[in-house]
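*Asks:* Below is the file run01.pdb, with PDB, C-alpha atoms, pLDDT in the B column.
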```pdb
MODEL        1
ATOM      1  CA  MET A  49      96.001  56.126 120.882  1.00 64.00           C
ATOM      2  CA  PRO A  50      97.707  52.728 121.456  1.00 70.00           C
ATOM      3  CA  LYS A  51     100.971  52.375 119.583  1.00 80.00           C
ATOM      4  CA  ILE A  52     101.673  49.757 116.929  1.00 87.00           C
ATOM      5  CA  GLU A  53     104.336  47.246 117.874  1.00 88.00           C
ATOM      6  CA  LEU A  54     106.824  47.435 114.988  1.00 92.00           C
ATOM      7  CA  GLY A  55     109.929  46.089 116.715  1.00 91.00           C
ATOM      8  CA  PRO A  56     113.181  47.990 117.269  1.00 90.00           C
ATOM      9  CA  ILE A  57     114.197  48.105 113.600  1.00 90.00           C
ATOM     10  CA  GLY A  58     112.623  47.284 110.266  1.00 92.00           C
ATOM     11  CA  ALA A  59     113.720  47.318 106.635  1.00 91.00           C
ATOM     12  CA  VAL A  60     112.307  49.069 103.597  1.00 89.00           C
ATOM     13  CA  VAL A  61     112.022  46.556 100.807  1.00 87.00           C
ATOM     14  CA  SER A  62     113.730  47.368  97.520  1.00 74.00           C
ATOM     15  CA  PRO A  63     113.162  45.441  94.269  1.00 66.00           C
ATOM     16  CA  GLY A  64     116.868  45.470  93.407  1.00 57.00           C
ATOM     17  CA  ASP A  65     118.475  43.148  90.888  1.00 48.00           C
ATOM     18  CA  GLY A  66     115.185  42.910  89.013  1.00 55.00           C
ATOM     19  CA  ASN A  67     113.440  41.121  91.872  1.00 60.00           C
ATOM     20  CA  GLY A  68     109.939  42.135  92.876  1.00 77.00           C
ATOM     21  CA  PHE A  69     108.963  43.500  96.272  1.00 90.00           C
ATOM     22  CA  ALA A  70     107.624  40.131  97.424  1.00 93.00           C
ATOM     23  CA  GLU A  71     110.775  38.124  96.764  1.00 91.00           C
ATOM     24  CA  THR A  72     112.985  40.601  98.573  1.00 91.00           C
ATOM     25  CA  ALA A  73     110.481  40.843 101.425  1.00 94.00           C
ATOM     26  CA  VAL A  74     110.712  37.091 101.974  1.00 94.00           C
ATOM     27  CA  GLU A  75     114.475  37.414 102.299  1.00 92.00           C
ATOM     28  CA  LEU A  76     114.131  40.237 104.810  1.00 93.00           C
ATOM     29  CA  GLU A  77     111.663  38.232 106.871  1.00 96.00           C
ATOM     30  CA  GLU A  78     114.071  35.303 106.917  1.00 96.00           C
ATOM     31  CA  LEU A  79     116.734  37.673 108.237  1.00 94.00           C
ATOM     32  CA  GLY A  80     114.444  38.415 111.158  1.00 95.00           C
ATOM     33  CA  TYR A  81     113.081  41.901 110.507  1.00 94.00           C
ATOM     34  CA  PRO A  82     109.752  42.260 112.355  1.00 95.00           C
ATOM     35  CA  THR A  83     108.457  45.012 110.050  1.00 95.00           C
ATOM     36  CA  ILE A  84     108.897  45.343 106.296  1.00 95.00           C
ATOM     37  CA  TRP A  85     108.130  48.754 104.817  1.00 94.00           C
ATOM     38  CA  VAL A  86     106.976  49.027 101.212  1.00 94.00           C
ATOM     39  CA  PRO A  87     108.059  52.398  99.753  1.00 90.00           C
ATOM     40  CA  GLY A  88     105.118  54.287  98.344  1.00 88.00           C
ATOM     41  CA  GLY A  89     107.132  56.120  95.729  1.00 82.00           C
ATOM     42  CA  ARG A  90     107.726  52.884  93.861  1.00 79.00           C
ATOM     43  CA  LEU A  91     104.172  51.617  94.082  1.00 88.00           C
ATOM     44  CA  ALA A  92     102.492  51.202  90.735  1.00 89.00           C
ATOM     45  CA  ASP A  93      99.464  49.477  92.238  1.00 92.00           C
ATOM     46  CA  LEU A  94      98.173  48.633  95.700  1.00 95.00           C
ATOM     47  CA  SER A  95      98.239  44.956  94.747  1.00 95.00           C
ATOM     48  CA  GLN A  96     102.011  45.070  95.264  1.00 94.00           C
ATOM     49  CA  ILE A  97     101.409  45.574  98.990  1.00 96.00           C
ATOM     50  CA  ALA A  98      99.050  42.603  99.041  1.00 97.00           C
ATOM     51  CA  GLU A  99     101.682  40.467  97.305  1.00 95.00           C
ATOM     52  CA  VAL A 100     104.206  41.245 100.041  1.00 96.00           C
ATOM     53  CA  VAL A 101     101.734  40.350 102.797  1.00 98.00           C
ATOM     54  CA  ARG A 102     100.784  37.074 101.122  1.00 97.00           C
ATOM     55  CA  ALA A 103     104.378  36.116 100.341  1.00 97.00           C
ATOM     56  CA  THR A 104     105.550  36.558 103.930  1.00 97.00           C
ATOM     57  CA  LYS A 105     104.442  34.615 107.000  1.00 97.00           C
ATOM     58  CA  TRP A 106     104.630  36.679 110.171  1.00 97.00           C
ATOM     59  CA  ALA A 107     106.281  40.088 109.666  1.00 97.00           C
ATOM     60  CA  ARG A 108     104.158  43.203 109.716  1.00 97.00           C
ATOM     61  CA  VAL A 109     103.999  44.935 106.349  1.00 97.00           C
ATOM     62  CA  ALA A 110     103.782  48.718 106.478  1.00 96.00           C
ATOM     63  CA  ALA A 111     103.045  50.909 103.490  1.00 95.00           C
ATOM     64  CA  GLY A 112     105.446  53.819 103.749  1.00 89.00           C
ATOM     65  CA  ILE A 113     103.643  55.679 102.349  1.00 92.00           C
ATOM     66  CA  ILE A 114     100.431  55.417 100.360  1.00 96.00           C
ATOM     67  CA  SER A 115      99.997  58.799  98.712  1.00 95.00           C
ATOM     68  CA  VAL A 116      96.477  60.121  99.174  1.00 96.00           C
ATOM     69  CA  ASP A 117      96.895  62.063  95.930  1.00 94.00           C
ATOM     70  CA  ARG A 118      97.437  58.859  93.960  1.00 95.00           C
ATOM     71  CA  PHE A 119      95.211  56.220  95.543  1.00 96.00           C
ATOM     72  CA  ALA A 120      91.530  56.594  96.407  1.00 97.00           C
ATOM     73  CA  ALA A 121      90.437  56.004  99.983  1.00 97.00           C
ATOM     74  CA  ASP A 122      87.976  53.285  98.961  1.00 97.00           C
ATOM     75  CA  GLU A 123      90.797  51.369  97.254  1.00 97.00           C
ATOM     76  CA  VAL A 124      92.906  51.520 100.413  1.00 98.00           C
ATOM     77  CA  ALA A 125      89.936  50.480 102.532  1.00 97.00           C
ATOM     78  CA  ALA A 126      89.262  47.498 100.261  1.00 97.00           C
ATOM     79  CA  LEU A 127      92.920  46.447 100.436  1.00 98.00           C
ATOM     80  CA  PHE A 128      92.907  46.554 104.229  1.00 98.00           C
ATOM     81  CA  THR A 129      89.579  44.718 104.523  1.00 97.00           C
ATOM     82  CA  ASP A 130      90.694  41.916 102.198  1.00 98.00           C
ATOM     83  CA  LEU A 131      94.038  41.403 103.942  1.00 98.00           C
ATOM     84  CA  GLU A 132      92.579  41.688 107.423  1.00 98.00           C
ATOM     85  CA  ALA A 133      90.233  38.832 106.590  1.00 98.00           C
ATOM     86  CA  THR A 134      93.030  36.507 105.485  1.00 98.00           C
ATOM     87  CA  HIS A 135      96.114  37.901 107.276  1.00 98.00           C
ATOM     88  CA  PRO A 136      94.795  39.691 110.374  1.00 97.00           C
ATOM     89  CA  GLY A 137      97.040  42.243 112.026  1.00 96.00           C
ATOM     90  CA  ARG A 138      99.709  42.115 109.338  1.00 97.00           C
ATOM     91  CA  LEU A 139      99.101  45.349 107.394  1.00 98.00           C
ATOM     92  CA  VAL A 140      99.926  48.834 108.645  1.00 97.00           C
ATOM     93  CA  VAL A 141      98.545  51.601 106.435  1.00 98.00           C
ATOM     94  CA  GLY A 142     100.963  54.505 106.112  1.00 97.00           C
ATOM     95  CA  LEU A 143      99.392  57.651 104.661  1.00 97.00           C
ATOM     96  CA  GLY A 144     100.714  60.959 103.381  1.00 95.00           C
ATOM     97  CA  GLY A 145     101.545  62.756 100.175  1.00 92.00           C
ATOM     98  CA  ALA A 146      98.859  65.430 100.392  1.00 92.00           C
ATOM     99  CA  HIS A 147      99.774  68.553  98.444  1.00 86.00           C
ATOM    100  CA  GLY A 148      98.150  71.835  97.497  1.00 85.00           C
ATOM    101  CA  ARG A 149      97.004  74.706  99.688  1.00 88.00           C
ATOM    102  CA  SER A 150      95.487  72.669 102.511  1.00 92.00           C
ATOM    103  CA  PRO A 151      97.308  69.348 102.991  1.00 93.00           C
ATOM    104  CA  LEU A 152      95.959  68.980 106.526  1.00 94.00           C
ATOM    105  CA  ARG A 153      92.393  69.387 105.329  1.00 94.00           C
ATOM    106  CA  THR A 154      93.041  66.964 102.462  1.00 95.00           C
ATOM    107  CA  LEU A 155      94.385  64.316 104.825  1.00 96.00           C
ATOM    108  CA  ALA A 156      91.582  64.835 107.341  1.00 95.00           C
ATOM    109  CA  ALA A 157      88.958  64.415 104.611  1.00 96.00           C
ATOM    110  CA  TYR A 158      90.729  61.304 103.361  1.00 97.00           C
ATOM    111  CA  LEU A 159      90.725  59.810 106.851  1.00 97.00           C
ATOM    112  CA  ASP A 160      87.007  60.530 107.106  1.00 96.00           C
ATOM    113  CA  ARG A 161      86.510  58.118 104.202  1.00 96.00           C
ATOM    114  CA  LEU A 162      88.767  55.481 105.727  1.00 95.00           C
ATOM    115  CA  ASP A 163      86.708  54.408 108.719  1.00 90.00           C
ATOM    116  CA  SER A 164      87.166  50.718 107.918  1.00 92.00           C
ATOM    117  CA  VAL A 165      90.885  51.057 108.696  1.00 97.00           C
ATOM    118  CA  PRO A 166      91.152  51.537 112.474  1.00 96.00           C
ATOM    119  CA  ALA A 167      93.404  54.293 113.723  1.00 95.00           C
ATOM    120  CA  THR A 168      95.473  51.640 115.493  1.00 95.00           C
ATOM    121  CA  SER A 169      96.466  50.284 112.057  1.00 97.00           C
ATOM    122  CA  ARG A 170      97.456  53.668 110.599  1.00 97.00           C
ATOM    123  CA  VAL A 171     100.617  55.754 110.699  1.00 96.00           C
ATOM    124  CA  MET A 172     101.104  59.080 108.951  1.00 96.00           C
ATOM    125  CA  ALA A 173     104.008  60.765 107.262  1.00 95.00           C
ATOM    126  CA  ALA A 174     104.513  63.836 109.420  1.00 94.00           C
ATOM    127  CA  LEU A 175     107.168  66.484 109.999  1.00 93.00           C
ATOM    128  CA  GLY A 176     105.518  69.734 111.060  1.00 94.00           C
ATOM    129  CA  PRO A 177     103.823  70.204 114.432  1.00 95.00           C
ATOM    130  CA  ARG A 178     100.251  70.319 113.092  1.00 95.00           C
ATOM    131  CA  MET A 179     100.827  67.190 111.014  1.00 95.00           C
ATOM    132  CA  LEU A 180     102.248  65.456 114.090  1.00 96.00           C
ATOM    133  CA  ASP A 181      99.127  66.468 115.991  1.00 96.00           C
ATOM    134  CA  LEU A 182      96.932  64.993 113.269  1.00 96.00           C
ATOM    135  CA  ALA A 183      98.961  61.770 113.348  1.00 96.00           C
ATOM    136  CA  GLY A 184      98.580  61.581 117.109  1.00 95.00           C
ATOM    137  CA  ASP A 185      94.832  62.240 116.982  1.00 95.00           C
ATOM    138  CA  ARG A 186      93.808  60.058 114.044  1.00 96.00           C
ATOM    139  CA  ALA A 187      96.483  57.395 113.714  1.00 96.00           C
ATOM    140  CA  ALA A 188      98.708  55.273 115.907  1.00 96.00           C
ATOM    141  CA  GLY A 189     101.617  57.621 115.280  1.00 95.00           C
ATOM    142  CA  ALA A 190     103.970  59.278 112.833  1.00 96.00           C
ATOM    143  CA  PHE A 191     106.465  58.195 110.196  1.00 93.00           C
ATOM    144  CA  PRO A 192     108.963  61.011 109.479  1.00 93.00           C
ATOM    145  CA  ILE A 193     112.010  60.560 107.255  1.00 89.00           C
ATOM    146  CA  LEU A 194     115.591  61.839 107.482  1.00 85.00           C
ATOM    147  CA  VAL A 195     115.389  63.735 110.750  1.00 90.00           C
ATOM    148  CA  THR A 196     117.934  64.514 113.444  1.00 91.00           C
ATOM    149  CA  PRO A 197     117.993  63.108 116.983  1.00 92.00           C
ATOM    150  CA  ASP A 198     116.933  66.556 118.263  1.00 94.00           C
ATOM    151  CA  TYR A 199     113.891  66.493 115.999  1.00 94.00           C
ATOM    152  CA  THR A 200     113.103  62.948 117.121  1.00 94.00           C
ATOM    153  CA  ALA A 201     113.071  64.048 120.763  1.00 94.00           C
ATOM    154  CA  THR A 202     110.763  66.956 119.944  1.00 96.00           C
ATOM    155  CA  ALA A 203     108.402  64.744 117.944  1.00 95.00           C
ATOM    156  CA  ARG A 204     108.315  62.153 120.710  1.00 95.00           C
ATOM    157  CA  ALA A 205     107.434  64.801 123.289  1.00 95.00           C
ATOM    158  CA  ARG A 206     104.664  66.206 121.079  1.00 96.00           C
ATOM    159  CA  LEU A 207     103.164  62.795 120.235  1.00 95.00           C
ATOM    160  CA  GLY A 208     103.416  61.472 123.781  1.00 93.00           C
ATOM    161  CA  ALA A 209     104.801  58.208 125.073  1.00 90.00           C
ATOM    162  CA  ASP A 210     101.837  56.125 123.905  1.00 90.00           C
ATOM    163  CA  ALA A 211     102.168  56.914 120.187  1.00 94.00           C
ATOM    164  CA  THR A 212     104.284  55.126 117.603  1.00 94.00           C
ATOM    165  CA  LEU A 213     107.217  57.085 116.202  1.00 94.00           C
ATOM    166  CA  ALA A 214     108.930  55.290 113.303  1.00 94.00           C
ATOM    167  CA  ILE A 215     111.986  57.140 111.996  1.00 93.00           C
ATOM    168  CA  GLU A 216     113.188  56.283 108.506  1.00 89.00           C
ATOM    169  CA  GLN A 217     116.850  56.823 107.660  1.00 85.00           C
ATOM    170  CA  PHE A 218     118.891  55.935 104.621  1.00 81.00           C
ATOM    171  CA  VAL A 219     121.727  53.487 105.089  1.00 80.00           C
ATOM    172  CA  VAL A 220     124.370  52.005 102.844  1.00 81.00           C
ATOM    173  CA  VAL A 221     124.602  48.246 103.169  1.00 78.00           C
ATOM    174  CA  GLU A 222     128.220  47.696 102.218  1.00 85.00           C
ATOM    175  CA  PRO A 223     130.879  45.810 104.242  1.00 89.00           C
ATOM    176  CA  ASP A 224     133.778  47.745 102.735  1.00 92.00           C
ATOM    177  CA  PRO A 225     134.168  51.041 104.711  1.00 91.00           C
ATOM    178  CA  GLN A 226     135.771  52.996 101.877  1.00 93.00           C
ATOM    179  CA  ARG A 227     133.148  52.016  99.323  1.00 91.00           C
ATOM    180  CA  ALA A 228     130.380  52.682 101.851  1.00 87.00           C
ATOM    181  CA  ARG A 229     131.678  56.206 102.553  1.00 88.00           C
ATOM    182  CA  ALA A 230     132.012  56.935  98.836  1.00 87.00           C
ATOM    183  CA  MET A 231     128.433  55.821  98.256  1.00 83.00           C
ATOM    184  CA  ALA A 232     127.174  57.829 101.234  1.00 81.00           C
ATOM    185  CA  ARG A 233     128.738  61.048  99.936  1.00 82.00           C
ATOM    186  CA  ARG A 234     126.742  60.866  96.716  1.00 77.00           C
ATOM    187  CA  PRO A 235     123.446  62.760  96.406  1.00 65.00           C
ATOM    188  CA  LEU A 236     120.491  60.913  97.910  1.00 59.00           C
ATOM    189  CA  GLY A 237     118.835  60.323  94.575  1.00 49.00           C
ATOM    190  CA  PHE A 238     121.896  58.483  93.324  1.00 45.00           C
ATOM    191  CA  LEU A 239     121.460  55.686  95.853  1.00 43.00           C
ATOM    192  CA  GLY A 240     118.810  53.931  93.831  1.00 44.00           C
ATOM    193  CA  LYS A 241     121.065  53.872  90.754  1.00 44.00           C
ATOM    194  CA  LEU A 242     124.044  52.184  92.404  1.00 39.00           C
ATOM    195  CA  PRO A 243     124.869  48.670  91.233  1.00 39.00           C
ATOM    196  CA  PRO A 244     124.216  46.485  94.276  1.00 37.00           C
ATOM    197  CA  THR A 245     126.963  44.270  95.645  1.00 33.00           C
ATOM    198  CA  ARG A 246     124.373  41.763  96.844  1.00 35.00           C
ATOM    199  CA  ARG A 247     120.643  41.330  96.487  1.00 35.00           C
ATOM    200  CA  THR A 248     119.796  43.314  99.591  1.00 35.00           C
ATOM    201  CA  SER A 249     122.444  45.992  99.077  1.00 34.00           C
ATOM    202  CA  GLY A 250     121.295  49.581  99.035  1.00 34.00           C
ATOM    203  CA  GLY A 251     118.271  48.911 101.253  1.00 37.00           C
ATOM    204  CA  TRP A 252     116.739  51.355 103.707  1.00 38.00           C
ATOM    205  CA  ALA A 253     116.015  51.028 107.394  1.00 41.00           C
ATOM    206  CA  SER A 254     113.213  52.298 109.553  1.00 42.00           C
ATOM    207  CA  GLN A 255     113.821  52.392 113.276  1.00 45.00           C
ATOM    208  CA  THR A 256     111.062  52.631 115.844  1.00 43.00           C
ATOM    209  CA  THR A 257     112.040  54.906 118.708  1.00 38.00           C
ATOM    210  CA  ARG A 258     110.250  54.788 122.051  1.00 33.00           C
ATOM    211  CA  SER A 259     112.030  57.497 124.012  1.00 29.00           C
ATOM    212  CA  PRO A 260     114.108  60.610 123.235  1.00 27.00           C
ATOM    213  CA  THR A 261     117.314  59.188 124.679  1.00 26.00           C
ATOM    214  CA  LEU A 262     119.456  59.613 121.584  1.00 26.00           C
ATOM    215  CA  ARG A 263     121.461  62.835 121.515  1.00 25.00           C
ATOM    216  CA  THR A 264     124.123  64.344 119.281  1.00 28.00           C
ATOM    217  CA  GLY A 265     123.796  68.007 120.197  1.00 31.00           C
ATOM    218  CA  SER A 266     123.158  68.870 116.544  1.00 33.00           C
ATOM    219  CA  SER A 267     120.692  71.607 115.686  1.00 35.00           C
ATOM    220  CA  THR A 268     121.313  71.403 111.926  1.00 35.00           C
ATOM    221  CA  PRO A 269     118.081  71.411 109.883  1.00 34.00           C
ATOM    222  CA  TRP A 270     117.243  67.953 108.598  1.00 30.00           C
ATOM    223  CA  TRP A 271     117.302  69.001 104.947  1.00 30.00           C
ATOM    224  CA  ARG A 272     120.978  69.978 105.271  1.00 31.00           C
ATOM    225  CA  TRP A 273     121.909  67.039 107.445  1.00 30.00           C
ATOM    226  CA  ALA A 274     120.265  64.567 105.086  1.00 32.00           C
ATOM    227  CA  THR A 275     122.798  64.761 102.258  1.00 30.00           C
ATOM    228  CA  PRO A 276     125.334  62.361 103.847  1.00 31.00           C
ATOM    229  CA  ILE A 277     123.585  59.007 103.988  1.00 31.00           C
ATOM    230  CA  LEU A 278     124.166  57.044 107.175  1.00 31.00           C
ATOM    231  CA  SER A 279     126.625  54.228 106.572  1.00 27.00           C
ATOM    232  CA  ARG A 280     126.337  51.215 108.820  1.00 27.00           C
ATOM    233  CA  ARG A 281     126.043  47.451 108.677  1.00 23.00           C
ATOM    234  CA  LEU A 282     122.360  46.741 108.767  1.00 28.00           C
ATOM    235  CA  PHE A 283     121.751  43.183 107.686  1.00 23.00           C
ATOM    236  CA  ARG A 284     122.573  40.231 109.874  1.00 25.00           C
ATOM    237  CA  GLY A 285     125.832  38.560 108.973  1.00 25.00           C
ATOM    238  CA  SER A 286     127.119  41.437 106.821  1.00 21.00           C
TER     239      SER A 286
ENDMDL
END
```
Just give me the structure of the file as structure tokens.
*Replies:*
Amino acid sequence: MPKIELGPIGAVVSPGDGNGFAETAVELEELGYPTIWVPGGRLADLSQIAEVVRATKWARVAAGIISVDRFAADEVAALFTDLEATHPGRLVVGLGGAHGRSPLRTLAAYLDRLDSVPATSRVMAALGPRMLDLAGDRAAGAFPILVTPDYTATARARLGADATLAIEQFVVVEPDPQRARAMARRPLGFLGKLPPTRRTSGGWASQTTRSPTLRTGSSTPWWRWATPILSRRLFRGS
């Protein structure tokens, strides 16, 4: 399956300071991010994704992720069809969030009803090997979150060189090292409650990796490694 060109790094939009997704997305596009990810957990309605696409000019907008347990396949198909007609090639449909006894079967059935969205415009939240296989077979690639470099190398090998592998990591956007480290040592859920030091503070990043060249030698499970949030300067000029 041909990969989606997402650029080397993208940003997950956050409606901080009372701003909506669209306003913050415009700022991120002006900063030069080629892909803007809209977090599915904060989606109240699919129209919020459409607002981001229409407010921006050239950046790809990726839904990361649309939960198949919350939004019907026909609604997602209609969203993609409408935006493809007016803003072709701009929307990437990220899917996941299947729960219950058979999440793979649930996702496969959902994809069966989503024929109007080509596989080359889909990515899937995936961690386990069978979910990675499904992402490789029926989407352009996978979108895992909070994983180690070792996991990334394994996922890349399983998906193959032609698939998209977009890794999402938390970052703290804070120029002061001491404050950044203090924020990073808090539990992950606390990040969204921190008072931002600027409009784009506390954002997330999603990096597209093309080869398993990054190594740390760590074999720590991702759920233990995830507690310290990565602290780095993400935004241009920070």
*Asks:* Under the rule that only C-alpha atoms are counted, which of A:Ala59, A:Leu54, A:Leu143, A:Leu79 is the nearest residue to Ala174 (chain A)?
*Replies:*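 Of all the options, A:Leu143 lies closest to Ala174 (chain A).
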*Asks:* Apply the PyMOL selection byres ((chain A and resi 70) around 10) to the file shown and report the selected residues as a list in words.
*Replies:*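 With the PyMOL selection byres ((chain A and resi 70) around 10) on this model, the match is Val61, Ser62, Pro63, Asn67, Gly68, Phe69, Glu71, Thr72, Ala73, Val74, Glu75, Leu76, Val86, Gln96, Ile97, Ala98, Glu99, Val100, Val101, Arg102, Ala103 and Thr104 of chain A.
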*Asks:* Tell me which residues the PyMOL selection byres ((chain A and resi 156) around 12) grabs here, as an mmCIF file with C-alpha atoms, keeping the file's coordinate frame.
*Replies:*
```
data_model
loop_
_atom_site.group_PDB
_atom_site.id
_atom_site.type_symbol
_atom_site.label_atom_id
_atom_site.label_comp_id
_atom_site.auth_asym_id
_atom_site.auth_seq_id
_atom_site.Cartn_x
_atom_site.Cartn_y
_atom_site.Cartn_z
ATOM 1 C CA VAL A 116 96.477 60.121 99.174
ATOM 2 C CA ALA A 121 90.437 56.004 99.983
ATOM 3 C CA LEU A 143 99.392 57.651 104.661
ATOM 4 C CA GLY A 144 100.714 60.959 103.381
ATOM 5 C CA ALA A 146 98.859 65.430 100.392
ATOM 6 C CA SER A 150 95.487 72.669 102.511
ATOM 7 C CA PRO A 151 97.308 69.348 102.991
ATOM 8 C CA LEU A 152 95.959 68.980 106.526
ATOM 9 C CA ARG A 153 92.393 69.387 105.329
ATOM 10 C CA THR A 154 93.041 66.964 102.462
ATOM 11 C CA LEU A 155 94.385 64.316 104.825
ATOM 12 C CA ALA A 157 88.958 64.415 104.611
ATOM 13 C CA TYR A 158 90.729 61.304 103.361
ATOM 14 C CA LEU A 159 90.725 59.810 106.851
ATOM 15 C CA ASP A 160 87.007 60.530 107.106
ATOM 16 C CA ARG A 161 86.510 58.118 104.202
ATOM 17 C CA LEU A 162 88.767 55.481 105.727
ATOM 18 C CA ASP A 163 86.708 54.408 108.719
ATOM 19 C CA MET A 172 101.104 59.080 108.951
ATOM 20 C CA ARG A 178 100.251 70.319 113.092
ATOM 21 C CA MET A 179 100.827 67.190 111.014
ATOM 22 C CA ASP A 181 99.127 66.468 115.991
ATOM 23 C CA LEU A 182 96.932 64.993 113.269
ATOM 24 C CA ALA A 183 98.961 61.770 113.348
ATOM 25 C CA ASP A 185 94.832 62.240 116.982
ATOM 26 C CA ARG A 186 93.808 60.058 114.044
ATOM 27 C CA ALA A 187 96.483 57.395 113.714
#
```
*Asks:* Between CA of Pro166 (chain A) and CA of Leu139 (chain A), what is the distance in Å, rounded to a tenth?
*Replies:* 11.3 Å
*Asks:* Which one of A:Val141, A:Ala125, A:Leu175, A:Val221 sits closest to Leu207 (chain A) if you count all atoms listed in the file?
*Replies:*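 Looking at the shortest contact to Leu207 (chain A), the residue is A:Leu175.
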*Asks:* Within 12 Å of Pro192 (chain A), counting all atoms listed in the file, which residues show up once you throw out same-chain ones fewer than 5 positions away? Write them as a short mmCIF file (atom, residue, chain, number, x, y, z; two decimals) with C-alpha atoms, in the coordinates of the input, please.
*Replies:*
```
data_model
loop_
_atom_site.label_atom_id
_atom_site.label_comp_id
_atom_site.auth_asym_id
_atom_site.auth_seq_id
_atom_site.Cartn_x
_atom_site.Cartn_y
_atom_site.Cartn_z
CA GLY A 112 105.45 53.82 103.75
CA ILE A 113 103.64 55.68 102.35
CA GLY A 142 100.96 54.50 106.11
CA LEU A 143 99.39 57.65 104.66
CA GLY A 144 100.71 60.96 103.38
CA VAL A 171 100.62 55.75 110.70
CA MET A 172 101.10 59.08 108.95
CA ALA A 173 104.01 60.76 107.26
CA ALA A 174 104.51 63.84 109.42
CA LEU A 175 107.17 66.48 110.00
CA GLY A 176 105.52 69.73 111.06
CA PRO A 177 103.82 70.20 114.43
CA MET A 179 100.83 67.19 111.01
CA LEU A 180 102.25 65.46 114.09
CA ALA A 183 98.96 61.77 113.35
CA PRO A 197 117.99 63.11 116.98
CA TYR A 199 113.89 66.49 116.00
CA THR A 200 113.10 62.95 117.12
CA ALA A 203 108.40 64.74 117.94
CA ARG A 204 108.32 62.15 120.71
CA THR A 212 104.28 55.13 117.60
CA LEU A 213 107.22 57.08 116.20
CA ALA A 214 108.93 55.29 113.30
CA ILE A 215 111.99 57.14 112.00
CA GLU A 216 113.19 56.28 108.51
CA GLN A 217 116.85 56.82 107.66
CA SER A 254 113.21 52.30 109.55
CA GLN A 255 113.82 52.39 113.28
CA THR A 256 111.06 52.63 115.84
CA THR A 257 112.04 54.91 118.71
CA TRP A 270 117.24 67.95 108.60
#
```
*Asks:* Selected by the PyMOL selection byres ((chain A and resi 127-130) around 8) in the shown coordinates: which residues, as a short mmCIF file (atom, residue, chain, number, x, y, z; two decimals) with C-alpha atoms, in the frame of the given file?
*Replies:*
```cif
data_model
loop_
_atom_site.label_atom_id
_atom_site.label_comp_id
_atom_site.auth_asym_id
_atom_site.auth_seq_id
_atom_site.Cartn_x
_atom_site.Cartn_y
_atom_site.Cartn_z
CA LEU A 94 98.17 48.63 95.70
CA SER A 95 98.24 44.96 94.75
CA ALA A 98 99.05 42.60 99.04
CA GLU A 123 90.80 51.37 97.25
CA VAL A 124 92.91 51.52 100.41
CA ALA A 125 89.94 50.48 102.53
CA ALA A 126 89.26 47.50 100.26
CA LEU A 131 94.04 41.40 103.94
CA GLU A 132 92.58 41.69 107.42
CA ALA A 133 90.23 38.83 106.59
CA THR A 134 93.03 36.51 105.48
CA LEU A 139 99.10 45.35 107.39
CA VAL A 141 98.54 51.60 106.44
CA SER A 164 87.17 50.72 107.92
CA VAL A 165 90.88 51.06 108.70
#
```
*Asks:* State, in Å with one decimal place, the distance from CA of Pro82 (chain A) to CA of Arg108 (chain A).
*Replies:*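 Rounded to one decimal, the two atoms are 6.3 Å apart.
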*Asks:* In Å, how far is it from CA of Gln226 (chain A) to CA of Ile193 (chain A)?
*Replies:* 25.5 Å
*Asks:* In terms of the shortest atom-to-atom distance over all atoms listed in the file, which of A:Ser115, A:Ser169, A:Thr196, A:Thr202 is closest to Glu53 (chain A)?
*Replies:*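 Under the stated criterion, the closest residue is A:Ser169.
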*Asks:* A:Val140, A:Leu91, A:Val60, A:Val195: which is nearest Phe119 (chain A), counting all atoms listed in the file?
*Replies:*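 Closest to Phe119 (chain A) of all the choices is A:Leu91.
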*Asks:* Just checking: using all atoms listed in the file, which residue out of A:Asp198, A:Asp122, A:Glu77, A:Ala111 ends up closest to Arg90 (chain A)?
*Replies:*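 The shortest atom-to-atom distance to Arg90 (chain A) comes from A:Ala111.
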